[in-house]
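> Mind looking over this structure? Questions follow.
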Amino acid sequence: MNQTAPAMRMSAAGTPPRLSGFANWADRNFKWLLVAPAVLLILALSIYPLVFSLVVSFINYDFQVPGHAFVGLQNFERVVFDPVARWSLLLTAILSGVSVGIEFVLGLAVALAMVKSFPGRGVVMSILIVPLFISPVIVGQAWTLLLQRPFGPTNYILGALLGQDVTIGWLTESPWLYISLIIADVWQWTPFMFVILLAGLTSIPSNLYEAAELDGVGAWQTFWAITVPHLAPMMLLALTFRLLDAIRMFDTIFIMTGGGPGTSTYTASYYLYTVGFTQFHLSQATAGSWLFLIFTALVVTLLVRRLLKVEAS
Amino acid sequence: MAASRPVRRVRRGAAPIARFLLLGFFLVFVLWPLYWMFNTSVKPSDDYLATPPVWFPAQPTLIHYQAALFTYRGFEGLVNSLIISLSATVLSALLGTTMAYSLARYDTGGKHLSFWVLSQRFLPPIGIVLPVFLIYRQIGFYDTHIGLIIAYTVFTLPVSVWMMFAYFRGMPRSMEEAALVDGCTRWESFWRVAVPLAAPGIVAAAVFAFIACWTEFFFALLLTSRTAFTLPTVFRAFIGFQGAQYGEAAALAIVSLVPSIALGVLAQRHLVRGLTLGAVRG
């Protein structure tokens with residue numbers, strides 16, 4: 001019993017005698033018993049459904065067409081050749097890319113502004129993180145109340161500021177409805193970037209900045225030479241986590257535009273939702289969700305690989 | 001923790017005026033929708049379309065709260081949300097803690113098992129919810145509390161496991177080893193020694209699991225209808241505002257955001273760990 005690794009030390013620690021057969025067995029397999037419930041639950045409600053949906057995507061599973069005949073790749077073809085599907089994937093990429101980009105820049109700016117102490121900083125901090133604890137449905141609702149005509153005050157305020165009548169249909173006219181969706185996303189998730197980047201900023205050793213100041217290095221140069229390289233792993237982490245959530249965008253669209261007008265605000269999730277749950281083409285929707293899953297997996301491997309590399313170095 | 005702890009003596013570029021302008025602008029941006037929603041929730045219906053808009057209702061009213069809770073079944077949604085979120089939170093904390101302990105102390109399954117759990121966090125829900133919907137219809141879990149509780153437990157497990165994994169990793173193991181040497185079983189050294197020591201971490205993980213369940217919409221929308229519906233799904237009634245229920249929508253929103261914001265602000269020193277699944281100690 002001379003193992004050096006701490007994990008080994010714990011598993012090898014002396015088993016007390018006076019244990020019944022079962023208790024003895026349980027003690028020996030303790031580490032597996034501990035993970036079993038969680039693993040079984042994930043297998044039952046995540047892995048099994050995934051396998052099941054793979055089966056469904058190769059057969060006919062449609063509430064409008066009877067029978068479950070094998071149809072090969074037909075369900076996949078329907079999705080791939082559906083212009084709405086392609087548009088929704090493109091829109092998902094554009095909306096999440098633009099939102100996450102704005103959130104990153106704004107979050108970094110606010111984090112830089114918050115890093116130094118000032119009176120009332122604690123209160124400001126508590127207010128700034130509030131959007132993180134609100135359901136996206138309510139965020140969509142809140143912005144609907146602000147933007148929807150004729151109730152919302154936004155056009156009135158803009159009119160007063162610009163000195164002329166403003167009659168923008170924020171939730172009905174392109175491009176304003178995209179801007180509205182992005183604003184709602186930015187409102188909710190800029191604090192996410194800000195919190196993580198602030199944690200990163202506060203962990204940069206302050207003597208680096210003192211040295212830079214002694215050497216007379218300018219603020220801008222200090223930012224690029226010290227802040228950015230030290231913050232890089234944190235930036236990548238924040239961007240990765242945020243992007244992987246952003247491509248699921250559904251709730252705010254459901255509340256604010258309902259995908260409309262027409263199909264103009266369909267994101268990938270929204271498209272698959274309508275195919276599966278309002279048109280009841282379930283097998284087409286599962287085929288589409290597998291394609292989306294593969295697309296997500298590619299993004300994940302790409303980003304997480306980079307992330308692990310940066311963390312390792 | 002560092003997120004709420006300011007760094008002193010550090011001289012950073014931005015001029016003070018620009019800093020405070022930016023913070024001021026951002027504070028207004030964050031608070032404005034919340035204020036307008038609160039304002040709408042207590043505003044008499046006659047003031048809805050006034051020009052200029054009514055910024056401070058002269059005669060605030062609570063009738064919208066009453067209508068949202070009882071006419072639009074918001075109260076039932078609230079009760080369902082509480083039952084489902086609390087049950088899923090307890091299950092998730094329990095299973096997450098046991099699994100995380102095994103991963104952290106016994107290195108169970110090596111890197112693969114822990115990363116497999118993490119990968120569940122990044123699965124798009126739409127890929128899971130369609131087949132789960134079909135399975136739930138078959139086994140009678142559709143539109144039941146237990147069905148959504150199980151779904152939420154699985155959906156919050158990756159966060160619970162990873163937050164607790166990081167917590168146990170940061171905890172010295174000497175106490176548990178001492179307990180083993182003194183003749184405790186492994187279970188006793190886990191349950192009687194490690195769990196009480198990790199209590200603050202478990203509470204923090206549970207708070208984030210609760211907030212995630214409380215604010216969740218997608219699973220609830222697709223896996224429930226008239227019985228086990230949660231608070232966020234009640235907002236479907238207000239889409240399009242055919243009857244212009246602005247006040248009711250706002251009132252329900254205010255009711256629903258109070259618990260999660262209160263919990264979130266109370267647990268804010270764990271926020272960085274919560275958002276990054278324990279990857280950043282903050």
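So you can find residues: chains in the structure tokens are A, B, ... in the order shown, residues in each start at 1, and ligands are numbered from 1 in order.
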Counting only C-alpha atoms, give me one row per residue of chain A with an atom at most 7 Å from an atom of chain B, showing the shortest contact pair and its distance in Å to one decimal, sorted by chain then residue number, as CSV.

```
residue,atom,partner,partner_atom,distance
A:Ala7,CA,B:Tyr106,CA,4.8
A:Met10,CA,B:Glu177,CA,6.7
A:Ser11,CA,B:Tyr106,CA,6.7
A:Ala13,CA,B:Leu180,CA,6.4
A:Gly14,CA,B:Val181,CA,6.8
A:Thr15,CA,B:Thr185,CA,6.9
A:Pro16,CA,B:Gly183,CA,5.5
A:Asp27,CA,B:Arg186,CA,6.2
A:Phe30,CA,B:Arg186,CA,6.9
A:Lys31,CA,B:Ser102,CA,5.1
A:Leu34,CA,B:Thr98,CA,5.2
A:Val35,CA,B:Met99,CA,4.3
A:Pro37,CA,B:Leu95,CA,6.6
A:Ala38,CA,B:Leu95,CA,5.5
A:Leu41,CA,B:Val154,CA,6.6
A:Ile42,CA,B:Val154,CA,5.8
A:Leu45,CA,B:Val154,CA,7.0
A:Ser46,CA,B:Ile128,CA,6.3
A:Pro49,CA,B:Pro131,CA,5.1
A:Leu50,CA,B:Ile128,CA,6.3
A:Phe52,CA,B:Pro131,CA,6.5
A:Ser53,CA,B:Pro131,CA,5.3
A:Val110,CA,B:Leu23,CA,6.6
A:Ala113,CA,B:Arg19,CA,5.1
A:Val115,CA,B:Pro6,CA,6.1
A:Lys116,CA,B:Val7,CA,5.7
A:Ser117,CA,B:Pro6,CA,5.1
A:Gly122,CA,B:Ser4,CA,6.8
A:Ser126,CA,B:Val265,CA,6.1
A:Leu128,CA,B:Val30,CA,6.8
A:Val130,CA,B:Ile261,CA,6.2
A:Phe133,CA,B:Ile261,CA,5.3
A:Ile134,CA,B:Leu257,CA,5.9
A:Ser135,CA,B:Thr215,CA,4.1
A:Val137,CA,B:Pro232,CA,6.5
A:Ile138,CA,B:Ala253,CA,5.9
A:Ala142,CA,B:Pro33,CA,5.8
A:Trp143,CA,B:Pro33,CA,6.6
A:Leu146,CA,B:Pro33,CA,6.9
A:Pro150,CA,B:Leu49,CA,6.8
A:Phe151,CA,B:Leu49,CA,5.7
A:Pro153,CA,B:Pro53,CA,6.2
A:Trp187,CA,B:Val30,CA,6.7
A:Val195,CA,B:Ala3,CA,6.5
A:Ile196,CA,B:Val272,CA,6.1
A:Leu198,CA,B:Ala3,CA,6.1
A:Ala199,CA,B:Ala3,CA,4.9
A:Thr202,CA,B:Val7,CA,6.2
A:Ser206,CA,B:Val10,CA,5.9
A:Tyr209,CA,B:Val10,CA,7.0
A:Ala219,CA,B:Gly13,CA,4.6
A:Leu244,CA,B:Phe122,CA,6.6
A:Arg248,CA,B:Pro124,CA,6.3
A:Asp251,CA,B:Phe217,CA,6.9
A:Ile255,CA,B:Ile239,CA,6.2
A:Ser269,CA,B:Ile126,CA,6.2
A:Thr286,CA,B:Leu130,CA,6.7
A:Ser289,CA,B:Gly127,CA,4.9
A:Trp290,CA,B:Gly127,CA,6.5
A:Leu293,CA,B:Gly127,CA,6.6
```
> Residues of region 220-283 of chain A that approach region 300-305 of chain A to 10 Å or less, counting only C-alpha atoms: could you list each one with the shortest pair of atoms and its distance in Å to one decimal, rows by chain and increasing residue number, as CSV?

```
residue,atom,partner,partner_atom,distance
A:Leu236,CA,A:Leu303,CA,8.2
A:Leu237,CA,A:Val304,CA,8.5
A:Leu239,CA,A:Leu303,CA,9.0
A:Thr240,CA,A:Leu303,CA,6.2
A:Phe241,CA,A:Val304,CA,9.3
A:Leu243,CA,A:Val300,CA,9.5
A:Leu244,CA,A:Val300,CA,7.4
```
> For those residues, write C-alpha atoms to a file as a compact mmCIF listing (two decimals), in the first residue's frame.

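Ended up saving to out_35.txt:
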```
# COMPACT_ATOMS: atom_id res chain seq x y z
CA LEU A 236 -11.85 32.77 -24.96
CA LEU A 237 -13.69 31.03 -22.15
CA LEU A 239 -16.77 33.81 -25.74
CA THR A 240 -17.02 30.02 -25.98
CA PHE A 241 -19.61 29.64 -23.24
CA LEU A 243 -21.57 31.53 -28.15
CA LEU A 244 -22.69 27.99 -27.35
```
> Using only C-alpha atoms, which protein or nucleic acid residues come within 6 Å of region 138-149 of chain B? Drop anything in the same chain fewer than 3 positions from it, and give the result as a ChimeraX atom specification.
/B:84,88,135,152,223-225,228
> Can you write out the residues you just picked, keeping C-alpha atoms, as a tab-separated table (two decimals), in the first residue's frame?

```tsv
chain	number	residue	atom	x	y	z
B	84	ILE	CA	-40.69	21.50	-9.84
B	88	ALA	CA	-35.13	19.27	-9.26
B	135	ILE	CA	-40.88	9.12	-24.96
B	152	TYR	CA	-34.66	19.61	-15.04
B	223	LEU	CA	-43.21	18.95	-22.10
B	224	THR	CA	-46.19	20.44	-20.24
B	225	SER	CA	-49.55	21.87	-21.14
B	228	ALA	CA	-47.70	20.96	-14.84
```
> Compile the contact shell of Gly200 (chain A) as a list in words: residues with an atom at most 7 Å away, counting only C-alpha atoms, same-chain residues fewer than 4 positions apart removed.
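Once the nearby chain positions are removed, what remains is Ile196, Ile204, Leu231 and Met234 of chain A.
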> I'd like the contact shell of region 189-206 of chain B - 6 Å cut-off, only C-alpha atoms, skipping same-chain residues fewer than 3 positions apart - returned as an MDAnalysis selection string.
chainID B and resid 89 93 160 176 179 186 209
> For the selection just defined, write its residues with N, CA and C atoms to a file, as a CSV table (one decimal), in the first residue's frame.

```csv
chain,number,residue,atom,x,y,z
B,89,THR,N,-33.9,20.9,-7.9
B,89,THR,CA,-32.7,21.4,-7.3
B,89,THR,C,-32.2,20.5,-6.2
B,93,ALA,N,-28.6,18.7,-6.7
B,93,ALA,CA,-27.5,18.9,-5.7
B,93,ALA,C,-27.1,17.6,-5.1
B,160,SER,N,-24.1,21.3,-11.7
B,160,SER,CA,-24.0,20.9,-10.3
B,160,SER,C,-22.7,20.0,-10.1
B,176,GLU,N,-10.9,13.7,5.6
B,176,GLU,CA,-11.5,12.4,5.1
B,176,GLU,C,-10.6,11.2,5.3
B,179,ALA,N,-10.5,10.2,8.8
B,179,ALA,CA,-11.7,9.4,9.1
B,179,ALA,C,-11.6,8.0,8.7
B,186,ARG,N,-16.0,4.3,3.6
B,186,ARG,CA,-15.9,5.4,2.7
B,186,ARG,C,-17.1,6.2,2.6
B,209,ALA,N,-28.6,26.0,-9.6
B,209,ALA,CA,-29.6,25.0,-10.2
B,209,ALA,C,-31.0,25.5,-10.1
```
> When you look at region 276-280 of chain A with a cut-off of 7 Å (counting only C-alpha atoms), what residues show up, excluding the ones that are within fewer than 5 positions of it in the same chain? I need them as a ChimeraX atom specification.
/A:62-63,285
> Would you write out those residues with N, CA and C atoms, as a tab-separated table (two decimals), in the first residue's frame?

```
chain	number	residue	atom	x	y	z
A	62	ASP	N	-44.67	10.88	-38.34
A	62	ASP	CA	-45.33	12.13	-38.67
A	62	ASP	C	-46.78	11.99	-38.21
A	63	PHE	N	-47.27	12.97	-37.43
A	63	PHE	CA	-48.63	12.85	-36.94
A	63	PHE	C	-49.66	12.96	-38.05
A	285	ALA	N	-38.16	17.00	-38.09
A	285	ALA	CA	-37.58	17.84	-37.05
A	285	ALA	C	-36.41	17.14	-36.35
```
> Please, what distance in Å, to one decimal, runs between CA of Ile168 (chain A) and CA of Gly260 (chain A)?
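That distance, rounded to one decimal, is 16.3 Å.
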> Counting only C-alpha atoms, what is within 7 Å of Thr172 (chain A), bar same-chain residues fewer than 3 positions away, as number ranges by chain?
A: 169, 177, 261
> Write down as a PyMOL selection string the residues of region 18-245 of chain A whose backbone DSSP state falls under helix (DSSP H, G or I).
chain A and resi 21-28+30-56+74-80+83-114+121-128+130-133+136-147+154-162+176-202+206-214+219-245
> What does the distance between CA of Tyr270 (chain A) and CA of Val255 (chain B) come to in Å, to one decimal place?
27.1 Å
